[in-house]
Structures are given as structure tokens and as C-alpha cells.
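What follows is start.cif (mmCIF, C-alpha atoms).
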data_upload
#
loop_
_atom_site.label_atom_id
_atom_site.label_comp_id
_atom_site.auth_asym_id
_atom_site.auth_seq_id
_atom_site.Cartn_x
_atom_site.Cartn_y
_atom_site.Cartn_z
CA MET A 1 -6.53 -20.17 -8.32
CA GLN A 2 -8.03 -20.49 -4.85
CA ASN A 3 -5.22 -18.38 -3.39
CA GLN A 4 -5.81 -15.69 -6.01
CA ARG A 5 -9.51 -15.64 -5.25
CA ALA A 6 -8.83 -15.30 -1.54
CA TYR A 7 -6.55 -12.29 -2.01
CA GLN A 8 -8.85 -10.65 -4.57
CA TYR A 9 -11.67 -10.96 -2.06
CA ALA A 10 -9.55 -9.69 0.85
CA ARG A 11 -8.14 -6.65 -0.97
CA CYS A 12 -11.55 -5.49 -2.19
CA ALA A 13 -13.24 -6.25 1.13
CA ALA A 14 -10.60 -4.21 2.97
CA VAL A 15 -11.39 -1.19 0.79
CA LEU A 16 -15.11 -1.47 1.54
CA ALA A 17 -14.48 -2.05 5.24
CA ALA A 18 -12.70 1.30 5.41
CA ASP A 19 -15.25 3.19 3.28
CA HIS A 20 -18.24 1.47 1.68
CA GLU A 21 -19.10 4.63 -0.27
CA VAL A 22 -15.71 5.02 -1.95
CA PRO A 23 -16.05 5.83 -5.69
CA GLY A 24 -16.40 2.61 -7.65
CA HIS A 25 -17.59 0.68 -4.60
CA GLU A 26 -20.25 -1.06 -6.70
CA ALA A 27 -17.67 -2.87 -8.84
CA THR A 28 -15.45 -3.45 -5.81
CA TYR A 29 -18.32 -5.12 -3.97
CA ASP A 30 -19.09 -7.38 -6.92
CA GLN A 31 -15.43 -8.35 -7.31
CA ALA A 32 -15.06 -9.14 -3.62
CA LEU A 33 -18.29 -11.12 -3.43
CA SER A 34 -17.71 -13.06 -6.65
CA ASN A 35 -14.21 -14.14 -5.65
CA GLY A 36 -15.17 -14.89 -2.06
CA LEU A 37 -18.16 -17.04 -2.99
CA ALA A 38 -16.25 -18.81 -5.77
CA ALA A 39 -13.50 -19.74 -3.30
CA ILE A 40 -16.00 -21.02 -0.73
CA VAL A 41 -18.10 -23.05 -3.20
CA ALA A 42 -15.01 -24.54 -4.86
CA HIS A 43 -13.72 -25.55 -1.42
CA GLN A 44 -16.99 -27.03 -0.21
CA TRP A 45 -18.40 -28.52 -3.41
CA PRO A 46 -15.64 -28.77 -6.04
CA GLY A 47 -16.96 -28.23 -9.55
CA GLN A 48 -20.12 -26.41 -8.47
CA GLU A 49 -18.45 -22.99 -8.79
CA GLY A 50 -18.68 -23.02 -12.60
CA ASP A 51 -20.35 -24.54 -15.64
CA SER A 52 -19.25 -27.34 -17.96
CA ARG A 53 -17.01 -24.90 -19.81
CA ARG A 54 -15.24 -24.02 -16.56
CA ARG A 55 -16.69 -20.52 -16.55
CA VAL A 56 -17.16 -19.35 -12.98
CA HIS A 57 -20.73 -18.52 -12.03
CA SER A 58 -21.83 -15.02 -11.14
CA ALA A 59 -22.18 -14.07 -7.50
CA ASP A 60 -25.96 -14.45 -7.72
CA ARG A 61 -25.71 -18.02 -9.10
CA LEU A 62 -23.08 -18.91 -6.51
CA LEU A 63 -25.53 -17.81 -3.83
CA ASN A 64 -28.08 -20.15 -5.43
CA VAL A 65 -25.62 -23.02 -5.06
CA ILE A 66 -25.17 -22.20 -1.39
CA THR A 67 -28.91 -21.98 -0.70
CA GLN A 68 -29.40 -25.36 -2.39
CA LEU A 69 -26.53 -27.24 -0.74
CA ALA A 70 -26.07 -25.55 2.65
CA ALA A 71 -28.34 -26.02 5.67
CA PRO A 72 -30.99 -23.29 6.09
CA GLN A 73 -31.15 -21.66 9.53
CA PRO A 74 -34.09 -20.12 11.42
CA ASP A 75 -32.66 -16.62 11.00
CA GLY A 76 -32.62 -16.90 7.19
CA THR A 77 -28.90 -17.59 6.86
CA HIS A 78 -27.38 -20.80 5.49
CA LEU A 79 -24.87 -22.86 7.46
CA VAL A 80 -21.87 -24.03 5.46
CA ALA A 81 -20.32 -26.78 7.59
CA TRP A 82 -16.59 -27.30 7.49
CA THR A 83 -15.50 -30.06 5.15
CA ASP A 84 -13.51 -31.62 8.01
CA ALA A 85 -16.47 -31.42 10.40
CA LEU A 86 -15.53 -34.73 12.02
CA GLU A 87 -12.23 -33.24 13.21
CA LYS A 88 -13.35 -29.61 13.51
CA PRO A 89 -17.08 -29.23 14.13
CA GLY A 90 -18.77 -26.02 13.14
CA GLY A 91 -19.13 -23.88 10.08
CA ILE A 92 -19.99 -20.43 8.82
CA CYS A 93 -23.44 -18.89 8.45
CA ILE A 94 -23.78 -16.97 5.18
CA ASP A 95 -26.48 -14.31 5.01
CA THR A 96 -27.59 -15.02 1.45
CA ASN A 97 -30.53 -12.59 1.63
CA ILE A 98 -28.38 -9.60 2.61
CA LEU A 99 -25.73 -10.49 0.04
CA ARG A 100 -28.40 -10.71 -2.69
CA SER A 101 -29.68 -7.32 -1.60
CA GLY A 102 -26.15 -5.98 -1.98
CA ILE A 103 -26.00 -7.35 -5.52
CA ARG A 104 -29.26 -5.61 -6.41
CA GLN A 105 -28.09 -2.34 -4.92
CA THR A 106 -24.85 -2.35 -6.93
CA GLN A 107 -26.08 -3.79 -10.22
CA ALA A 108 -27.99 -0.75 -11.50
CA PRO A 109 -25.15 1.83 -11.19
CA ARG A 110 -22.62 -0.67 -12.56
CA HIS A 111 -24.62 -1.01 -15.78
CA GLY A 112 -25.72 2.62 -16.04
CA SER A 113 -29.38 1.85 -15.42
CA GLY A 114 -29.96 3.71 -12.16
CA THR A 115 -28.60 4.28 -8.70
CA GLY A 116 -28.12 2.00 -5.74
CA ASN A 117 -27.38 2.36 -2.07
CA LEU A 118 -24.83 -0.06 -0.66
CA GLU A 119 -25.40 -0.22 3.10
CA ARG A 120 -23.16 -1.20 5.96
CA GLN A 121 -25.11 -4.43 6.46
CA HIS A 122 -24.14 -5.51 2.95
CA VAL A 123 -20.46 -4.95 3.73
CA ASP A 124 -20.71 -6.70 7.11
CA ALA A 125 -22.24 -9.78 5.45
CA LEU A 126 -19.41 -9.68 2.91
CA LEU A 127 -16.72 -9.40 5.60
CA ALA A 128 -18.22 -12.34 7.49
CA LEU A 129 -17.19 -14.64 4.61
CA ASP A 130 -13.56 -14.23 5.65
CA HIS A 131 -14.12 -16.70 8.51
CA HIS A 132 -14.26 -19.52 5.97
CA PRO A 133 -10.98 -21.49 5.68
CA ALA A 134 -10.91 -20.93 1.91
CA LEU A 135 -10.45 -17.22 2.59
CA GLY A 136 -9.03 -15.88 5.86
CA ARG A 137 -6.67 -13.32 4.35
CA GLY A 138 -8.44 -10.25 5.74
CA GLY A 139 -6.13 -9.66 8.68
CA GLU A 140 -3.01 -10.03 6.55
CA VAL A 141 -4.24 -7.61 3.88
CA THR A 142 -5.38 -5.07 6.48
CA SER A 143 -1.98 -5.21 8.16
CA ASP A 144 -0.23 -4.75 4.81
CA ASN A 145 -2.44 -1.75 4.02
CA LYS A 146 -1.60 -0.15 7.37
CA TRP A 147 2.09 -0.65 6.74
CA VAL A 148 1.85 0.92 3.27
CA LYS A 149 0.01 3.94 4.67
CA ALA A 150 2.51 4.29 7.51
CA GLU A 151 5.44 4.04 5.09
CA LEU A 152 3.95 6.64 2.74
CA HIS A 153 3.35 9.00 5.66
CA ASP A 154 6.94 8.49 6.83
CA ARG A 155 8.34 9.23 3.36
CA TYR A 156 6.23 12.39 3.17
CA ASP A 157 7.50 13.57 6.55
CA GLN A 158 11.10 12.86 5.60
CA GLN A 159 10.65 14.98 2.48
CA ARG A 160 8.98 17.75 4.48
CA ALA A 161 11.79 17.70 7.05
CA ALA A 162 14.46 17.79 4.32
CA GLU A 163 12.83 20.88 2.79
CA TYR A 164 12.65 22.51 6.22
CA LEU A 165 16.33 21.67 6.84
CA ALA A 166 17.27 23.40 3.58
CA PHE A 167 15.19 26.41 4.64
CA ILE A 168 16.91 26.94 8.02
CA GLY A 169 20.39 26.39 6.55
CA ASP A 170 23.53 24.63 7.80
CA ASP A 171 24.50 27.22 10.43
CA GLU A 172 21.11 27.15 12.17
CA ALA A 173 21.03 23.35 11.98
CA THR A 174 24.42 23.14 13.69
CA VAL A 175 23.31 25.49 16.45
CA ARG A 176 20.15 23.44 17.03
CA ALA A 177 22.14 20.20 17.15
CA GLU A 178 24.50 21.62 19.79
CA ARG A 179 21.55 22.94 21.77
CA ALA A 180 19.89 19.53 21.62
CA LEU A 181 22.95 17.90 23.20
CA ASP A 182 22.85 20.47 26.02
CA LEU A 183 19.12 20.06 26.61
CA ILE A 184 19.04 16.29 26.74
CA GLU A 185 20.91 14.83 29.68
CA PRO A 186 22.07 11.28 28.92
CA TYR A 187 20.21 8.56 30.79
CA ASP A 188 21.97 6.95 33.71
CA PRO A 189 20.21 4.20 35.72
CA LYS A 190 21.89 5.38 38.95
CA HIS A 191 22.07 9.17 38.80
CA ASN A 192 19.01 10.06 36.72
CA PRO A 193 16.69 7.07 36.25
CA ASP A 194 13.79 9.42 35.43
CA ARG A 195 15.51 10.43 32.19
CA GLU A 196 14.93 7.02 30.57
CA GLY A 197 13.56 7.43 27.06
CA THR A 198 15.13 10.85 26.45
CA GLU A 199 18.25 9.61 24.65
CA LEU A 200 19.19 11.05 21.29
CA GLU A 201 20.09 9.07 18.20
CA GLU A 202 21.13 10.06 14.70
CA CYS A 203 18.31 11.49 12.61
CA ARG A 204 17.90 9.78 9.25
CA VAL A 205 17.13 13.15 7.57
CA CYS A 206 19.62 15.71 8.92
CA GLU A 207 22.12 13.10 10.23
CA TYR A 208 22.70 14.98 13.50
CA ASP A 209 22.50 13.21 16.85
CA SER A 210 19.29 15.08 17.50
CA PHE A 211 16.46 12.58 17.17
CA LYS A 212 14.71 12.43 20.56
CA LEU A 213 13.12 9.05 21.25
CA ASP A 214 9.80 8.76 23.04
CA PHE A 215 10.90 5.46 24.55
CA PRO A 216 14.07 3.35 24.44
CA ALA A 217 14.22 1.37 21.18
CA GLU A 218 15.60 -2.14 20.83
CA PHE A 219 16.86 -1.48 17.30
CA PRO A 220 18.40 1.78 15.98
CA ASN A 221 16.30 4.01 13.73
CA THR A 222 13.06 2.28 14.69
CA GLY A 223 11.78 4.16 17.74
CA SER A 224 9.08 6.82 17.64
CA GLY A 225 10.01 10.41 18.34
CA ALA A 226 11.02 13.68 16.68
CA CYS A 227 14.18 15.44 15.56
CA LEU A 228 15.09 18.62 17.46
CA VAL A 229 16.85 20.02 14.40
CA CYS A 230 14.82 19.31 11.24
CA SER A 231 11.50 18.34 12.95
CA TYR A 232 11.27 14.93 11.24
CA THR A 233 8.71 12.90 13.19
CA ARG A 234 8.41 9.12 13.32
CA SER A 235 4.97 7.93 14.43
CA SER A 236 4.22 4.98 16.67
CA ASP A 237 2.69 3.13 13.67
CA VAL A 238 5.87 3.55 11.63
CA SER A 239 7.94 2.58 14.67
CA TYR A 240 5.94 -0.62 15.12
CA TYR A 241 6.49 -1.84 11.56
CA LEU A 242 10.15 -0.80 11.47
CA THR A 243 10.75 -2.69 14.72
CA LEU A 244 8.89 -5.71 13.35
CA ASN A 245 10.97 -5.71 10.16
CA ALA A 246 14.19 -5.30 12.14
CA GLU A 247 13.25 -8.17 14.44
CA PHE A 248 12.42 -10.47 11.54
CA GLY A 249 15.65 -9.46 9.81
CA SER A 250 17.63 -10.17 12.96
CA ARG A 251 16.00 -13.59 13.35
CA HIS A 252 16.69 -14.39 9.70
CA LEU A 253 20.36 -13.48 10.13
CA ASP A 254 20.55 -15.54 13.32
CA GLU A 255 19.07 -18.54 11.48
CA ARG A 256 21.53 -18.14 8.58
CA PHE A 257 24.43 -17.81 11.03
CA THR A 258 23.33 -20.96 12.87
CA GLN A 259 23.06 -22.89 9.62
CA LEU A 260 26.49 -21.69 8.50
CA ALA A 261 28.02 -22.55 11.88
CA ASP A 262 26.52 -26.06 11.77
CA ARG A 263 27.88 -26.53 8.27
CA LEU A 264 31.39 -25.40 9.30
CA MET A 265 31.33 -27.61 12.41
CA GLY A 266 30.52 -30.59 10.20
CA MET A 267 33.46 -30.01 7.90
#
Show me the file's structure as C-alpha cells.
Amino acid sequence: MQNQRAYQYARCAAVLAADHEVPGHEATYDQALSNGLAAIVAHQWPGQEGDSRRRVHSADRLLNVITQLAAPQPDGTHLVAWTDALEKPGGICIDTNILRSGIRQTQAPRHGSGTGNLERQHVDALLALDHHPALGRGGEVTSDNKWVKAELHDRYDQQRAAEYLAFIGDDEATVRAERALDLIEPYDPKHNPDREGTELEECRVCEYDSFKLDFPAEFPNTGSGACLVCSYTRSSDVSYYLTLNAEFGSRHLDERFTQLADRLMGM
């Protein structure tokens, strides 16, 4: 349950971090805050996150628990000390006043009784909760979101390039591929060291050796660049995640090979 709360909080908080005026942000804010506070209270004071029927308290009541049990600070926040304070001193200051203001601003439009104005300070106070050890999924979710966006953009560009390839036809594509080989002089560390990064590799769309890399790539089909035939473009963001996946895949295969080799040596 705690893990689910942490990811619910992180996913909703990531949406608000990118755009706190996105349609439906009122419900998103409430979902993020409710799950984040429930995870923190359950971690700090087990059982205080709900009632005797195990129904989880609302965000407003969870803030009441925090104001009652956490240490008030001169700036109006409340310090929630780590449960292992003897080993790891410190804690997190929760701005209960700003978070309550955020609840008030989102409650009216959620229930059709008026309008509210969620401000950046409300979102910042919400994002600050991620520093608590019961949460801490914000970076992971943000990275996943960036990868999804990069992958969608890459798929769109592959489709666009495929349509363009069909438009120019096979004959023109062949001419462009031959021209690309003439234009790009292969890199040689002795004769033309300045040409490093201009190698061509096979394009995943048109399948010609016409994809010009911006920089040398450790793994095939991962480097950023553009195709000189179909114009397919791979961004640096897409390149980063493709390289990361290839590296993890390579490590996984190396680990499996090592385990298999050890097993065979023991036979």
C-alpha cells in the first residue's frame, strides 16, 4: 500500500510540476496530496492515517495529524523528524498552511461550488513532500515521463520519414544513398582525424547506410543524428535513453553469460 501511495503521489505531482493549470489540476492536486500525506503519516505514526474502520483520512485531516504530532517551527512549518533520527538526524519541514490553502483553492471547483486558483507555491509545497523517505519516487517518475515523451516523438518522426520516403520513391532514395556515401568521407584517425563523428550507419526507416551520426556511438542505432535519404532524425534525448537501455541490456547479458560460465565450469 505504501508503495502504491508513493507512486500515486509522484505521478500526479509530476503532472502539476510541469503545468499546475492543466485541466483537472484540482483533482490531481487532491490525489497527490492525499496519497503523499497518507504515506508520510503511516510511516511516521502508524495507524494515525485512518480511522477505526481503516478508512484513510482526507488530506485536511492528515494535515491536522501532522500539526498535532510534528514539531512547529518559527516559520509556520512543521518539522517531521526521521523515524531513525538516532542514525540519521534531520527531517522534513511541511508547510501545512500553504497545503491547506491549496486544498481550499481546489475544493470549490471540484464540487461545482465556485472557482479556485491553484498557485505555484501550492505545488512547490506539494513537491517538497517527496524528500520524505516514504515517498522519494519523483525523480524516477519524471525520468520515465521523459522517456515516454522521447519515445513517442521518435515514433512520430519514424512515421513521418516513412511517408516522406514513399513520396520521393525508390529511385530518388537510391540516388540520395549513393550521394551520401560520396559526401561522407570515412573517419580515419591518421589521415582525417577531423572527420570523427561523421560516419554513416544504417537508417532504421529506409535501411540505407545513410544515417549521419552527430557523434560516435558506442552501440548501433542509438546515436543522435539524421538520415540523408529519408530525413529521419533521432534527438539527443532519444539517443540518451536508447544508449541507456542498450548498456543495461549488455550488462544483463554479461551477467547471464558469467553465471552460465560459472555453472559450466562447476560441472
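Compared by their closest atoms to Ala42 in chain A, and using all atoms listed in the file, the residues A:Met1, A:Ile92, A:Ala108, A:Leu79 rank with A:Met1 nearest.
Nearest to His20 in chain A of all the residues A:Thr174, A:Thr106, A:Ser210, A:Ser239 is A:Thr106, counting all atoms listed in the file.
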Give me, as a PDB file with C-alpha atoms, in the coordinates of the input, all polymer residues having an atom no more than 12 Å from Ala217 in chain A, counting all atoms listed in the file and skipping those fewer than 2 positions away in the same chain.
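The file below, around-v7.pdb, is the result:
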ATOM      1  CA  GLU A 196      14.930   7.020  30.570  1.00  0.00           C
ATOM      2  CA  GLY A 197      13.560   7.430  27.060  1.00  0.00           C
ATOM      3  CA  THR A 198      15.130  10.850  26.450  1.00  0.00           C
ATOM      4  CA  GLU A 199      18.250   9.610  24.650  1.00  0.00           C
ATOM      5  CA  LEU A 200      19.190  11.050  21.290  1.00  0.00           C
ATOM      6  CA  GLU A 201      20.090   9.070  18.200  1.00  0.00           C
ATOM      7  CA  LYS A 212      14.710  12.430  20.560  1.00  0.00           C
ATOM      8  CA  LEU A 213      13.120   9.050  21.250  1.00  0.00           C
ATOM      9  CA  ASP A 214       9.800   8.760  23.040  1.00  0.00           C
ATOM     10  CA  PHE A 215      10.900   5.460  24.550  1.00  0.00           C
ATOM     11  CA  PHE A 219      16.860  -1.480  17.300  1.00  0.00           C
ATOM     12  CA  PRO A 220      18.400   1.780  15.980  1.00  0.00           C
ATOM     13  CA  ASN A 221      16.300   4.010  13.730  1.00  0.00           C
ATOM     14  CA  THR A 222      13.060   2.280  14.690  1.00  0.00           C
ATOM     15  CA  GLY A 223      11.780   4.160  17.740  1.00  0.00           C
ATOM     16  CA  SER A 224       9.080   6.820  17.640  1.00  0.00           C
ATOM     17  CA  GLY A 225      10.010  10.410  18.340  1.00  0.00           C
ATOM     18  CA  SER A 236       4.220   4.980  16.670  1.00  0.00           C
ATOM     19  CA  SER A 239       7.940   2.580  14.670  1.00  0.00           C
ATOM     20  CA  TYR A 240       5.940  -0.620  15.120  1.00  0.00           C
ATOM     21  CA  LEU A 242      10.150  -0.800  11.470  1.00  0.00           C
ATOM     22  CA  THR A 243      10.750  -2.690  14.720  1.00  0.00           C
ATOM     23  CA  LEU A 244       8.890  -5.710  13.350  1.00  0.00           C
ATOM     24  CA  ALA A 246      14.190  -5.300  12.140  1.00  0.00           C
ATOM     25  CA  GLU A 247      13.250  -8.170  14.440  1.00  0.00           C
TER      26      GLU A 247
END
Atom-to-atom span, CA of Ala10 in chain A and CA of Leu33 in chain A, Å: 9.8 Å
For this file, the PyMOL selection byres ((chain A and resi 66-76) around 12) selects which residues, as an MDAnalysis selection string? chainID A and resid 37:38 40:45 48:49 59:65 77:83 91:100
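With CA of Ser143 in chain A on one side and CA of Gly36 in chain A on the other, the separation reads 19.3 Å.
Residue nearest Thr115 in chain A within the list A:Cys230, A:Glu26, A:Val148, A:Ala6: A:Glu26 [criterion: smallest interatomic distance, only C-alpha atoms].
A search radius of 12 Å centred on (-6.9, -5.1, 10.9), applied to all atoms listed in the file, returns the residues Ala10, Ala13, Ala14, Val15, Ala17, Ala18, Leu127, Arg137, Gly138, Gly139, Glu140, Val141, Thr142, Ser143, Asp144, Asn145, Lys146 and Trp147 of chain A.
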